Number of protein chains: 4
Amino acid sequence: MTNINIGVIGYGYWGPNIVRNFFTAANCSVKMVADGRTDRLAQLAKAFPSVKGVSDAEEIIKSKEIDAVVIATPVFTHYPLAKKALENGKHVLIEKPMTSSVAEAEELINLASQKNLLLMVDHTFLYTGAIQKMKEIIDNQVIGTPRYFDSARINLGLFQPDVNVLWDLAPHDISILIYLIKKAPFSINATGVSHTRNNIENIAYMTVNYDSEFIAHFNCSWTSPVKVRQTLIGGDKKMIVYNDLEPSEKVKIYDTGFNHKTDEDRKMVMVDYRTGDIYIPKLSLQEALSGVANDFIQSIISQMEPLANAYLGMKVVQILEASQESIKNNGKEVKIR
Amino acid sequence: MTNINIGVIGYGYWGPNIVRNFFTAANCSVKMVADGRTDRLAQLAKAFPSVKGVSDAEEIIKSKEIDAVVIATPVFTHYPLAKKALENGKHVLIEKPMTSSVAEAEELINLASQKNLLLMVDHTFLYTGAIQKMKEIIDNQVIGTPRYFDSARINLGLFQPDVNVLWDLAPHDISILIYLIKKAPFSINATGVSHTRNNIENIAYMTVNYDSEFIAHFNCSWTSPVKVRQTLIGGDKKMIVYNDLEPSEKVKIYDTGFNHKTDEDRKMVMVDYRTGDIYIPKLSLQEALSGVANDFIQSIISQMEPLANAYLGMKVVQILEASQESIKNNGKEVKIR
Amino acid sequence: MTNINIGVIGYGYWGPNIVRNFFTAANCSVKMVADGRTDRLAQLAKAFPSVKGVSDAEEIIKSKEIDAVVIATPVFTHYPLAKKALENGKHVLIEKPMTSSVAEAEELINLASQKNLLLMVDHTFLYTGAIQKMKEIIDNQVIGTPRYFDSARINLGLFQPDVNVLWDLAPHDISILIYLIKKAPFSINATGVSHTRNNIENIAYMTVNYDSEFIAHFNCSWTSPVKVRQTLIGGDKKMIVYNDLEPSEKVKIYDTGFNHKTDEDRKMVMVDYRTGDIYIPKLSLQEALSGVANDFIQSIISQMEPLANAYLGMKVVQILEASQESIKNNGKEVKIR
Amino acid sequence: MTNINIGVIGYGYWGPNIVRNFFTAANCSVKMVADGRTDRLAQLAKAFPSVKGVSDAEEIIKSKEIDAVVIATPVFTHYPLAKKALENGKHVLIEKPMTSSVAEAEELINLASQKNLLLMVDHTFLYTGAIQKMKEIIDNQVIGTPRYFDSARINLGLFQPDVNVLWDLAPHDISILIYLIKKAPFSINATGVSHTRNNIENIAYMTVNYDSEFIAHFNCSWTSPVKVRQTLIGGDKKMIVYNDLEPSEKVKIYDTGFNHKTDEDRKMVMVDYRTGDIYIPKLSLQEALSGVANDFIQSIISQMEPLANAYLGMKVVQILEASQESIKNNGKEVKIR
């Protein structure tokens with residue numbers, strides 16, 4: 001039986017969750033964790049005495065014992081660490097967002113391809129029962145042709161010192177958009193404000209425009225007194241409300257729709273709308289990160305593409321990069337290549 | 001005792017509410033109602049047998065008996081009807097939005113001023129217990145310096161055949177913004193989509209930018225499966241959540257805030273946030289439209305400015321007009337004069 | 001076409017709603033309204049100028065013109081007024097609860113039967129879209145065998161000076177129980193407290209016991225800071241949550257259940273439970289009282305039994321009477337005949 | 001510095017939480033854990049390698065090294081284990097409910113007193129931020145004289161094979177009642193139903209009656225499709241709503257009340273009610289079980305009474321025992337000694 005030896009770089013907020021989930025995944029062993037902070041390594045020793053803690057990521061990257069590396073460090077370090085790991089023949093799982101730029105993402109994708117290594121991004125939300133159920137519903141044409149995607153992810157939360165609120169919070173929702181809606185975005189408009197005099201927006205709004213009659217919108221804030229994590233996905237047949245804060249009734253499917261017809265006499269478009277029953281499917285309660293860990297390991301073994309593959313991760317960065325350009329140019333439209 | 005004789009033009013959805021509220025207001029009498037539709041006049045005769053129904057608005061506008069006219073007709077008719085009414089020496093109350101353009105609004109304001117007549121706009125929400133309480137809270141510096149205003153007004157609702165969703169729904173929230181926040185907006189970005197092939201957006205998003213560190217955002221939709229009417233207003237001391245769908249607990253004041261300081265060593269801005277108690281004030285339950293009717297009549301009598309004065313109404317149109325230009329130019333920034 | 005002439009006795013809180021709904025019902029005309037209070041008659045004249053207002057109920061009861069009488073007065077007057085109306089050959093619709101005692105209810109039922117007149121009770125809730133939908137669901141065996149009915153109807157509300165909170169609020173829920181669940185109650189336990197030194201309970205709790213494995217419970221209060229109107233109805237296959245305060249999603253059907261089996265080794269009963277999807281049916285939005293008015297008129301014409309017939313009304317009084325006896329005897333079990 | 005050596009008996013659902021919280025408490029060490037199940041001891045070895053696992057509780061009870069014992073086993077074993085532990089000179093913390101009968105509880109209290117040992121019951125809820133805040137509010141007379149306590153704790157939950165739903169769920173709410181309301185209960189009425197043919201009620205209702213105008217009511221169910229954990233506490237000045245399922249806004253204080261006066265003319269009691277502002281205090285987020293562990297250790301050291309003392313634990317059992325008698329006698333009133 002194949003066994004993949006794992007090294008984890010970064011043992012901050014998310015690191016312990018990563019180690020715990022790879023511990024229980026099949027066909028792999030967590031061997032090493034790297035973190036420059038002594039207190040974090042002490043925490044590791046207490047929680048996972050069998051794992052070797054090291055202060056230098058290089059030790060993992062160059063270790064003969066290690067087959068695959070998980071990178072859970074600040075965004076700007078993703079590219080250099082992943083590059084070096086790939087160069088040293090390791091499969092790589094990177095925390096979201098994948099990189100600080102599309103160019104970096106493309107370079108990593110090419111490198112992984114040349115080396116025949118797996119490169120994957122930890123877009124954890126895609127592995128939740130809620131998103132898996134919505135994927136099934138949308139792919140089965142239950143909602144008809146998708147018309148809009150409207151997401152709010154706001155909270156009184158941890159301000160990041162190096163990236164703005166879109167880079168911090170929107171990757172979740174953008175990855176969900178890309179995964180669920182098979183349409184190519186055309187352009188981005190983004191606006192925002194910084195209340196911290198460091199030019200890093202703590203509130204930002206983004207519209208993703210499409211060629212067809214589809215629109216996506218994102219409302220992100222670190223400065224809301226209430227927590228909201230809600231997405232509306234409307235189709236021409238039905239509409240979905242996804243409220244991630246509901247303990248179990250996260251996904252509601254509304255048999256709601258509208259039709260328009262042209263009133264020739266009055267030269268006007270008239271719209272009828274209807275409401276119907278609502279259906280709340282039962283969702284799998286499996287921990288999403290466990291799905292990420294298993295998908296990473298099994299994709300290495302089977303040489304298949306994982307669900308949260310590097311190409312999806314790159315498309316998320318593409319939208320973030322465009323939003324950055326728009327927000328710094330007063331909301332002007334920025335085309336997606 | 002002075003008595004103002006009222007004529008109402010338009011007896012559609014809102015007209016009966018207007019007549020009912022002026023009926024119970026002091027110092028005035030509803031004398032005439034004009035509507036071109038026979039069935040509407042029959043409804044009037046049944047509900048208010050003492051009021052004279054006429055099919056032609058001119059009859060009201062030219063009547064010697066009438067002192068003041070209320071205009072509750074489609075937006076594009078506001079300007080010609082109001083102009084004629086002012087020219088005939090009538091005080092005028094116009095439904096929101098005031099006019100289809102800033103130029104029209106300005107002309108009406110000048111005309112009313114020359115004629116020494118009252119011109120007012122029915123921004124009903126300003127007269128609700130919720131907005132009055134928030135005005136008091138913000139004016140008393142309870143929330144400190146305002147930092148953001150974030151509003152969502154979405155529903156599966158009546159599509160308007162002549163104006164987009166911003167012109168239909170946003171006037172409520174824009175009037176609240178202007179009333180509560182004494183800052184001059186600098187520019188607008190707006191995006192949206194039309195699903196009805198008539199180029200009239202049924203979903204639209206608008207950012208209002210300011211010189212200072214303040215931002216306002218509006219999310220309007222006629223195509224949401226759920227109804228949301230929520231506004232967040234953040235200050236540097238406290239934050240308000242205004243949920244108009246709550247039966248009585250509409251306004252919640254959160255003792256929530258954040259502070260930033262520069263960490264000289266790391267050349268970074270560090271942000272601390274705090275949460276505290278929440279306070280839900282009791283609100284007046286008086287019907288808002290009754291407040292509008294009384295303010296209109298008393299402002300005529302006292303020759304004072306009403307709360308929802310024509311200048312505020314014009315500023316609402318200014319933002320709507322700019323949003324229209326932005327939305328038709330792919331979200332580009334449009335400056336407010 | 002038959003036309004039933006209606007007289008309404010009592011024009012208090014509910015009277016105007018009754019008049020309005022009989023106005024729009026087919027095959028009937030509201031001719032007279034009796035109320036001893038001059039101001040109420042003035043209100044009537046304003047709202048319904050075509051209806052004759054009288055101060056004495058006898059005038060209606062003895063009028064040759066009147067075919068049917070609606071009694072909307074305090075509970076203790078229901079029996080004498082209904083008796084006299086039946087004796088004078090009028091069909092009768094009584095507000096809930098039907099009478100102050102089972103003996104009175106039985107006497108009225110017998111009298112109506114002898115005179116071949118319709119006697120009906122205004123259990124309005126049975127005519128709501130929510131209850132009609134639940135009736136359909138339960139009759140179609142969707143929830144399987146009913147196991148429990150648990151209702152809370154609490155509020156900071158109007159204290160009645162003559163009847164306790166069970167007589168005031170529970171008739172709604174008891175009528176729903178009797179209508180939905182075809183089982184005969186066996187006995188009652190009730191407890192409560194009076195905070196007003198008049199021995200009239202403002203908080204009360206009632207259990208209705210059955211021979212079979214079914215139980216019903218009622219929690220009623222005039223002294224809750226929050227309004228709750230929620231009923232759980234559990235079956236052995238599915239369970240219903242009915243929340244009357246939801247604007248449209250009032251009825252939720254949970255695919256939730258449990259099974260028990262005996263573990264022979266451990267001499268224990270082991271229980272498994274499961275959760276599944278949730279379904280929220282669209283409900284008719286027709287005003288319930290309009291359904292009551294139409295059922296009353298059509299039942300007179302067709303000589304069929306109405307849904308809220310006198311026998312159901314009497315069974316509601318039976319439970320209330322038993323609850324009264326139990327509550328005054330420290331919660332002791334009182335058998336239902 | 002004193003150090004108390006702890007042995008834990010029972011490593012089921014709650015045991016790991018107990019071990020974890022005593023691990024982080026000051027002035028104590030967890031030395032041994034007993035559980036008869038090999039797989040539970042394996043779990044212990046993995047999570048807490050420094051703790052000795054033993055299969056026989058006696059080994060802990062008789063160990064010279066152990067100063068204090070925590071008993072987290074099924075209810076019927078509490079008394080024999082606690083008795084033996086006290087006889088062997090150990091301080092004892094017992095899971096709730098304390099014992100299966102008042103007689104057992106009294107014997108343990110006397111034994112602890114003779115031996116000068118601490119006996120405490122793990123009524124964890126008393127140590128939550130919510131209950132601590134409500135205690136402060138009620139003791140400071142903010143709500144005035146308490147008038148009622150109305151609790152619902154329902155869920156689709158684990159059916160216990162040996163005790164009914166009141167013994168399983170109500171100890172939480174009864175302990176809260178006793179802790180917050182300094183009144184002596186007079187009698188109990190309880191009703192319920194068993195759907196599992198083992199005579200163990202899975203739905204039960206209990207009223208606790210008092211001499212004064214105070215009443216408490218408990219609604220407990222293992223068979224509700226929805227989870228409710230809500231308690232209303234009304235005073236003559238203000239009222240509290242405690243919703244334990246709210247993530248942070250658990251306690252709301254309503255400035256709501258009512259007054260009654262006698263209307264001499266009509267020989268009636270008239271009641272006015274009023275509503276006012278609502279206040280939601282910020283709560284401590286400290287883990288409640290950590291408060292239990294610290295109180296146990298510090299009470300041993302200081303020889304002071306802990307908050308969840310054995311006398312409170314015994315009063316909880318008193319109410320449960322009376323409820324059992326009432327429920328088996330068709331809800332008849334059972335006096336509290």
# chains A, B, ... in the order shown; residues from 1 in each chain; ligands from 1
call {"tool": "select_by_dssp", "arguments": {"residues": "range 140-210 of chain C", "states": "alpha helix (DSSP H)", "output": "VMD selection string"}}
result
chain C and resid 165 to 180
call {"tool": "write_last_selection", "arguments": {"atoms": "all heavy atoms", "output": "compact mmCIF listing (two decimals), in the first residue's frame"}}
result
# COMPACT_ATOMS: atom_id res chain seq x y z
N VAL C 165 -56.14 32.92 30.83
CA VAL C 165 -55.36 32.92 29.60
C VAL C 165 -55.65 31.69 28.74
O VAL C 165 -55.55 31.75 27.51
CB VAL C 165 -53.85 33.08 29.93
CG1 VAL C 165 -53.30 31.82 30.60
CG2 VAL C 165 -53.04 33.44 28.70
N LEU C 166 -56.03 30.57 29.36
CA LEU C 166 -56.37 29.38 28.56
C LEU C 166 -57.66 29.63 27.77
O LEU C 166 -57.73 29.33 26.58
CB LEU C 166 -56.52 28.14 29.44
CG LEU C 166 -55.23 27.50 29.97
CD1 LEU C 166 -55.57 26.29 30.85
CD2 LEU C 166 -54.29 27.08 28.84
N TRP C 167 -58.69 30.16 28.44
CA TRP C 167 -59.94 30.45 27.74
C TRP C 167 -59.73 31.49 26.64
O TRP C 167 -60.42 31.49 25.63
CB TRP C 167 -61.01 30.96 28.73
CG TRP C 167 -61.66 29.86 29.51
CD1 TRP C 167 -61.21 29.32 30.68
CD2 TRP C 167 -62.88 29.17 29.18
NE1 TRP C 167 -62.06 28.33 31.10
CE2 TRP C 167 -63.10 28.21 30.21
CE3 TRP C 167 -63.80 29.24 28.13
CZ2 TRP C 167 -64.20 27.35 30.21
CZ3 TRP C 167 -64.89 28.39 28.14
CH2 TRP C 167 -65.08 27.44 29.16
N ASP C 168 -58.76 32.37 26.83
CA ASP C 168 -58.52 33.43 25.84
C ASP C 168 -57.69 32.94 24.65
O ASP C 168 -58.06 33.17 23.50
CB ASP C 168 -57.81 34.61 26.52
CG ASP C 168 -57.59 35.78 25.58
OD1 ASP C 168 -58.50 36.09 24.78
OD2 ASP C 168 -56.51 36.41 25.64
N LEU C 169 -56.58 32.28 24.94
CA LEU C 169 -55.64 31.95 23.86
C LEU C 169 -55.71 30.51 23.37
O LEU C 169 -55.50 30.24 22.19
CB LEU C 169 -54.20 32.24 24.31
CG LEU C 169 -53.87 33.68 24.69
CD1 LEU C 169 -52.39 33.79 25.04
CD2 LEU C 169 -54.20 34.65 23.56
N ALA C 170 -56.00 29.57 24.28
CA ALA C 170 -55.91 28.15 23.89
C ALA C 170 -56.98 27.71 22.89
O ALA C 170 -56.75 26.74 22.15
CB ALA C 170 -55.93 27.26 25.13
N PRO C 171 -58.18 28.35 22.83
CA PRO C 171 -59.16 27.88 21.84
C PRO C 171 -58.59 27.76 20.43
O PRO C 171 -58.93 26.83 19.69
CB PRO C 171 -60.26 28.93 21.91
CG PRO C 171 -60.21 29.40 23.32
CD PRO C 171 -58.74 29.41 23.68
N HIS C 172 -57.70 28.68 20.05
CA HIS C 172 -57.06 28.56 18.74
C HIS C 172 -56.39 27.20 18.60
O HIS C 172 -56.63 26.45 17.67
CB HIS C 172 -56.00 29.66 18.56
CG HIS C 172 -56.57 31.03 18.50
ND1 HIS C 172 -57.62 31.38 17.69
CD2 HIS C 172 -56.23 32.17 19.16
CE1 HIS C 172 -57.90 32.66 17.84
NE2 HIS C 172 -57.08 33.17 18.73
N ASP C 173 -55.51 26.89 19.56
CA ASP C 173 -54.68 25.71 19.43
C ASP C 173 -55.47 24.43 19.69
O ASP C 173 -55.21 23.41 19.07
CB ASP C 173 -53.48 25.84 20.39
CG ASP C 173 -52.71 27.09 20.08
OD1 ASP C 173 -52.22 27.22 18.95
OD2 ASP C 173 -52.64 27.99 20.94
N ILE C 174 -56.44 24.49 20.59
CA ILE C 174 -57.27 23.30 20.84
C ILE C 174 -58.09 22.97 19.59
O ILE C 174 -58.22 21.81 19.21
CB ILE C 174 -58.20 23.51 22.05
CG1 ILE C 174 -57.38 23.79 23.32
CG2 ILE C 174 -59.09 22.29 22.27
CD1 ILE C 174 -58.23 24.22 24.52
N SER C 175 -58.62 24.00 18.94
CA SER C 175 -59.40 23.72 17.73
C SER C 175 -58.51 23.11 16.65
O SER C 175 -58.93 22.22 15.92
CB SER C 175 -60.09 24.99 17.22
OG SER C 175 -59.16 25.91 16.69
N ILE C 176 -57.27 23.58 16.58
CA ILE C 176 -56.33 23.01 15.60
C ILE C 176 -56.04 21.55 15.95
O ILE C 176 -56.05 20.68 15.08
CB ILE C 176 -55.02 23.85 15.57
CG1 ILE C 176 -55.32 25.26 15.04
CG2 ILE C 176 -53.96 23.17 14.74
CD1 ILE C 176 -54.18 26.26 15.22
N LEU C 177 -55.80 21.28 17.22
CA LEU C 177 -55.56 19.89 17.68
C LEU C 177 -56.72 18.99 17.28
O LEU C 177 -56.52 17.91 16.70
CB LEU C 177 -55.38 19.89 19.20
CG LEU C 177 -55.40 18.53 19.89
CD1 LEU C 177 -54.14 17.73 19.57
CD2 LEU C 177 -55.55 18.67 21.41
N ILE C 178 -57.94 19.41 17.62
CA ILE C 178 -59.12 18.56 17.35
C ILE C 178 -59.31 18.36 15.86
O ILE C 178 -59.65 17.27 15.40
CB ILE C 178 -60.38 19.20 17.99
CG1 ILE C 178 -60.25 19.16 19.52
CG2 ILE C 178 -61.64 18.50 17.52
CD1 ILE C 178 -61.33 19.93 20.24
N TYR C 179 -59.06 19.43 15.11
CA TYR C 179 -59.25 19.36 13.66
C TYR C 179 -58.23 18.44 13.00
O TYR C 179 -58.56 17.65 12.11
CB TYR C 179 -59.16 20.78 13.08
CG TYR C 179 -59.38 20.89 11.60
CD1 TYR C 179 -60.57 20.45 11.01
CD2 TYR C 179 -58.42 21.45 10.78
CE1 TYR C 179 -60.78 20.56 9.65
CE2 TYR C 179 -58.62 21.58 9.42
CZ TYR C 179 -59.80 21.13 8.86
OH TYR C 179 -60.00 21.24 7.51
N LEU C 180 -56.98 18.51 13.47
CA LEU C 180 -55.91 17.77 12.79
C LEU C 180 -55.78 16.32 13.27
O LEU C 180 -55.43 15.44 12.50
CB LEU C 180 -54.56 18.48 12.99
CG LEU C 180 -54.40 19.85 12.34
CD1 LEU C 180 -52.99 20.38 12.59
CD2 LEU C 180 -54.68 19.79 10.84
call {"tool": "closest_atom_pairs", "arguments": {"of": "chain D", "to": "chain A", "cutoff": "10 Å", "atoms": "only C-alpha atoms", "output": "JSON lines"}}
result
{"residue": "D:Lys46", "atom": "CA", "partner": "A:Phe48", "partner_atom": "CA", "distance": 9.4}
{"residue": "D:Ala47", "atom": "CA", "partner": "A:Ala47", "partner_atom": "CA", "distance": 7.9}
{"residue": "D:Phe48", "atom": "CA", "partner": "A:Ala47", "partner_atom": "CA", "distance": 9.1}
{"residue": "D:Pro49", "atom": "CA", "partner": "A:Pro49", "partner_atom": "CA", "distance": 9.7}
{"residue": "D:Leu245", "atom": "CA", "partner": "A:Pro247", "partner_atom": "CA", "distance": 9.9}
{"residue": "D:Pro247", "atom": "CA", "partner": "A:Leu245", "partner_atom": "CA", "distance": 10.0}
call {"tool": "atom_distance", "arguments": {"atom1": "CA of Ala26 in chain C", "atom2": "CA of Ala293 in chain C"}}
result
9.0 Å
call {"tool": "atom_distance", "arguments": {"atom1": "CA of Asp139 in chain A", "atom2": "CA of Gly157 in chain B"}}
result
27.4 Å
call {"tool": "residues_around", "arguments": {"residues": "Pro161 in chain C", "least_positions_apart": "4", "cutoff": "9 Å", "atoms": "only C-alpha atoms", "output": "PDB file with N, CA, C and O atoms, in the first residue's frame"}}
result
ATOM      1  N   ASN C 198     -56.735  38.548  41.078  1.00  0.00           N
ATOM      2  CA  ASN C 198     -58.154  38.334  40.812  1.00  0.00           C
ATOM      3  C   ASN C 198     -58.427  36.863  40.528  1.00  0.00           C
ATOM      4  O   ASN C 198     -59.491  36.515  40.064  1.00  0.00           O
ATOM      5  N   ILE C 200     -57.473  35.084  38.266  1.00  0.00           N
ATOM      6  CA  ILE C 200     -57.541  34.767  36.838  1.00  0.00           C
ATOM      7  C   ILE C 200     -56.119  34.549  36.345  1.00  0.00           C
ATOM      8  O   ILE C 200     -55.308  35.484  36.347  1.00  0.00           O
TER       9      ILE C 200
ATOM     10  N   MET D 268     -63.578  44.973  38.671  1.00  0.00           N
ATOM     11  CA  MET D 268     -62.671  44.180  37.857  1.00  0.00           C
ATOM     12  C   MET D 268     -61.237  44.629  38.066  1.00  0.00           C
ATOM     13  O   MET D 268     -60.985  45.788  38.390  1.00  0.00           O
ATOM     14  N   VAL D 269     -60.329  43.705  37.831  1.00  0.00           N
ATOM     15  CA  VAL D 269     -58.915  44.060  37.814  1.00  0.00           C
ATOM     16  C   VAL D 269     -58.548  44.461  36.386  1.00  0.00           C
ATOM     17  O   VAL D 269     -58.809  43.725  35.436  1.00  0.00           O
ATOM     18  N   MET D 270     -58.002  45.657  36.245  1.00  0.00           N
ATOM     19  CA  MET D 270     -57.578  46.123  34.928  1.00  0.00           C
ATOM     20  C   MET D 270     -56.054  46.055  34.878  1.00  0.00           C
ATOM     21  O   MET D 270     -55.383  46.406  35.834  1.00  0.00           O
ATOM     22  N   VAL D 271     -55.515  45.648  33.760  1.00  0.00           N
ATOM     23  CA  VAL D 271     -54.068  45.497  33.629  1.00  0.00           C
ATOM     24  C   VAL D 271     -53.542  46.364  32.490  1.00  0.00           C
ATOM     25  O   VAL D 271     -54.088  46.369  31.395  1.00  0.00           O
TER      26      VAL D 271
END
call {"tool": "residues_around", "arguments": {"residues": "Leu232 in chain A", "least_positions_apart": "4", "cutoff": "8 Å", "atoms": "only C-alpha atoms", "output": "JSON, numbers by chain"}}
result
{"A": [148, 149, 150, 151, 239, 240, 241, 242], "B": [224]}
call {"tool": "select_by_dssp", "arguments": {"residues": "range 33-115 of chain C", "states": "strand (DSSP E)", "output": "PyMOL selection string"}}
result
chain C and resi 33-34+52-54+68-71+91-95
call {"tool": "residues_around", "arguments": {"residues": "range 189-191 of chain D", "least_positions_apart": "3", "cutoff": "7 Å", "atoms": "only C-alpha atoms", "output": "ChimeraX atom specification"}}
result
/C:331 /D:204-208,323,326-327,330-334
call {"tool": "write_last_selection", "arguments": {"atoms": "N, CA, C and O atoms", "output": "PDB file, in the first residue's frame"}}
result
ATOM      1  N   GLY C 331     -53.788  20.956  39.647  1.00  0.00           N
ATOM      2  CA  GLY C 331     -53.257  20.174  38.540  1.00  0.00           C
ATOM      3  C   GLY C 331     -53.700  18.728  38.517  1.00  0.00           C
ATOM      4  O   GLY C 331     -53.174  17.936  37.727  1.00  0.00           O
TER       5      GLY C 331
ATOM      6  N   ALA D 204     -41.665  15.198  28.360  1.00  0.00           N
ATOM      7  CA  ALA D 204     -42.248  15.419  29.691  1.00  0.00           C
ATOM      8  C   ALA D 204     -42.353  16.908  29.974  1.00  0.00           C
ATOM      9  O   ALA D 204     -41.572  17.721  29.455  1.00  0.00           O
ATOM     10  N   TYR D 205     -43.360  17.242  30.780  1.00  0.00           N
ATOM     11  CA  TYR D 205     -43.643  18.624  31.166  1.00  0.00           C
ATOM     12  C   TYR D 205     -43.715  18.673  32.683  1.00  0.00           C
ATOM     13  O   TYR D 205     -44.294  17.789  33.307  1.00  0.00           O
ATOM     14  N   MET D 206     -43.152  19.707  33.274  1.00  0.00           N
ATOM     15  CA  MET D 206     -43.153  19.808  34.727  1.00  0.00           C
ATOM     16  C   MET D 206     -43.457  21.243  35.147  1.00  0.00           C
ATOM     17  O   MET D 206     -42.866  22.187  34.631  1.00  0.00           O
ATOM     18  N   THR D 207     -44.387  21.369  36.097  1.00  0.00           N
ATOM     19  CA  THR D 207     -44.630  22.667  36.732  1.00  0.00           C
ATOM     20  C   THR D 207     -44.093  22.600  38.152  1.00  0.00           C
ATOM     21  O   THR D 207     -44.355  21.637  38.864  1.00  0.00           O
ATOM     22  N   VAL D 208     -43.337  23.619  38.560  1.00  0.00           N
ATOM     23  CA  VAL D 208     -42.903  23.742  39.952  1.00  0.00           C
ATOM     24  C   VAL D 208     -43.700  24.895  40.562  1.00  0.00           C
ATOM     25  O   VAL D 208     -43.646  26.029  40.067  1.00  0.00           O
ATOM     26  N   SER D 323     -40.945  14.891  40.590  1.00  0.00           N
ATOM     27  CA  SER D 323     -41.510  14.833  39.238  1.00  0.00           C
ATOM     28  C   SER D 323     -41.792  13.392  38.843  1.00  0.00           C
ATOM     29  O   SER D 323     -42.795  13.094  38.206  1.00  0.00           O
ATOM     30  N   SER D 326     -44.959  12.323  40.492  1.00  0.00           N
ATOM     31  CA  SER D 326     -46.121  12.954  39.870  1.00  0.00           C
ATOM     32  C   SER D 326     -46.428  12.319  38.517  1.00  0.00           C
ATOM     33  O   SER D 326     -47.576  11.991  38.206  1.00  0.00           O
ATOM     34  N   ILE D 327     -45.399  12.130  37.721  1.00  0.00           N
ATOM     35  CA  ILE D 327     -45.606  11.628  36.357  1.00  0.00           C
ATOM     36  C   ILE D 327     -46.184  10.205  36.389  1.00  0.00           C
ATOM     37  O   ILE D 327     -46.985   9.848  35.520  1.00  0.00           O
ATOM     38  N   ASN D 330     -50.220  10.240  37.200  1.00  0.00           N
ATOM     39  CA  ASN D 330     -51.090  11.034  36.323  1.00  0.00           C
ATOM     40  C   ASN D 330     -51.066  12.529  36.624  1.00  0.00           C
ATOM     41  O   ASN D 330     -52.091  13.193  36.566  1.00  0.00           O
ATOM     42  N   GLY D 331     -49.924  13.029  36.979  1.00  0.00           N
ATOM     43  CA  GLY D 331     -49.773  14.463  37.127  1.00  0.00           C
ATOM     44  C   GLY D 331     -50.243  15.036  38.444  1.00  0.00           C
ATOM     45  O   GLY D 331     -50.309  16.257  38.604  1.00  0.00           O
ATOM     46  N   LYS D 332     -50.527  14.176  39.404  1.00  0.00           N
ATOM     47  CA  LYS D 332     -51.026  14.709  40.681  1.00  0.00           C
ATOM     48  C   LYS D 332     -49.942  15.543  41.362  1.00  0.00           C
ATOM     49  O   LYS D 332     -48.740  15.334  41.151  1.00  0.00           O
ATOM     50  N   GLU D 333     -50.378  16.484  42.163  1.00  0.00           N
ATOM     51  CA  GLU D 333     -49.459  17.363  42.864  1.00  0.00           C
ATOM     52  C   GLU D 333     -48.652  16.578  43.904  1.00  0.00           C
ATOM     53  O   GLU D 333     -49.227  15.863  44.725  1.00  0.00           O
ATOM     54  N   VAL D 334     -47.330  16.743  43.864  1.00  0.00           N
ATOM     55  CA  VAL D 334     -46.465  16.101  44.852  1.00  0.00           C
ATOM     56  C   VAL D 334     -45.750  17.201  45.624  1.00  0.00           C
ATOM     57  O   VAL D 334     -45.064  18.034  45.032  1.00  0.00           O
TER      58      VAL D 334
END
call {"tool": "residues_around", "arguments": {"residues": "range 65-67 of chain B", "least_positions_apart": "4", "cutoff": "7 Å", "atoms": "only C-alpha atoms", "output": "MDAnalysis selection string"}}
result
chainID B and resid 4:7 60 90:91
call {"tool": "residues_around", "arguments": {"residues": "Leu41 in chain B", "least_positions_apart": "3", "cutoff": "10 Å", "atoms": "only C-alpha atoms", "output": "number ranges by chain"}}
result
B: 10-12, 33-38, 44-47, 52-55
call {"tool": "write_last_selection", "arguments": {"atoms": "C-alpha atoms", "output": "CSV table (one decimal), in the first residue's frame"}}
result
chain,number,residue,atom,x,y,z
B,10,GLY,CA,-52.8,59.5,-9.0
B,11,TYR,CA,-54.8,56.9,-7.2
B,12,GLY,CA,-52.8,53.8,-7.8
B,33,VAL,CA,-58.5,63.1,-6.5
B,34,ALA,CA,-57.6,62.7,-10.1
B,35,ASP,CA,-57.0,59.4,-11.9
B,36,GLY,CA,-57.6,58.5,-15.6
B,37,ARG,CA,-58.8,55.0,-14.7
B,38,THR,CA,-62.5,54.6,-14.1
B,44,LEU,CA,-62.2,56.1,-4.3
B,45,ALA,CA,-66.0,56.7,-4.3
B,46,LYS,CA,-66.5,53.6,-2.2
B,47,ALA,CA,-63.7,54.3,0.3
B,52,LYS,CA,-64.6,64.4,-5.6
B,53,GLY,CA,-63.0,62.1,-8.2
B,54,VAL,CA,-61.9,63.6,-11.6
B,55,SER,CA,-60.3,62.0,-14.6
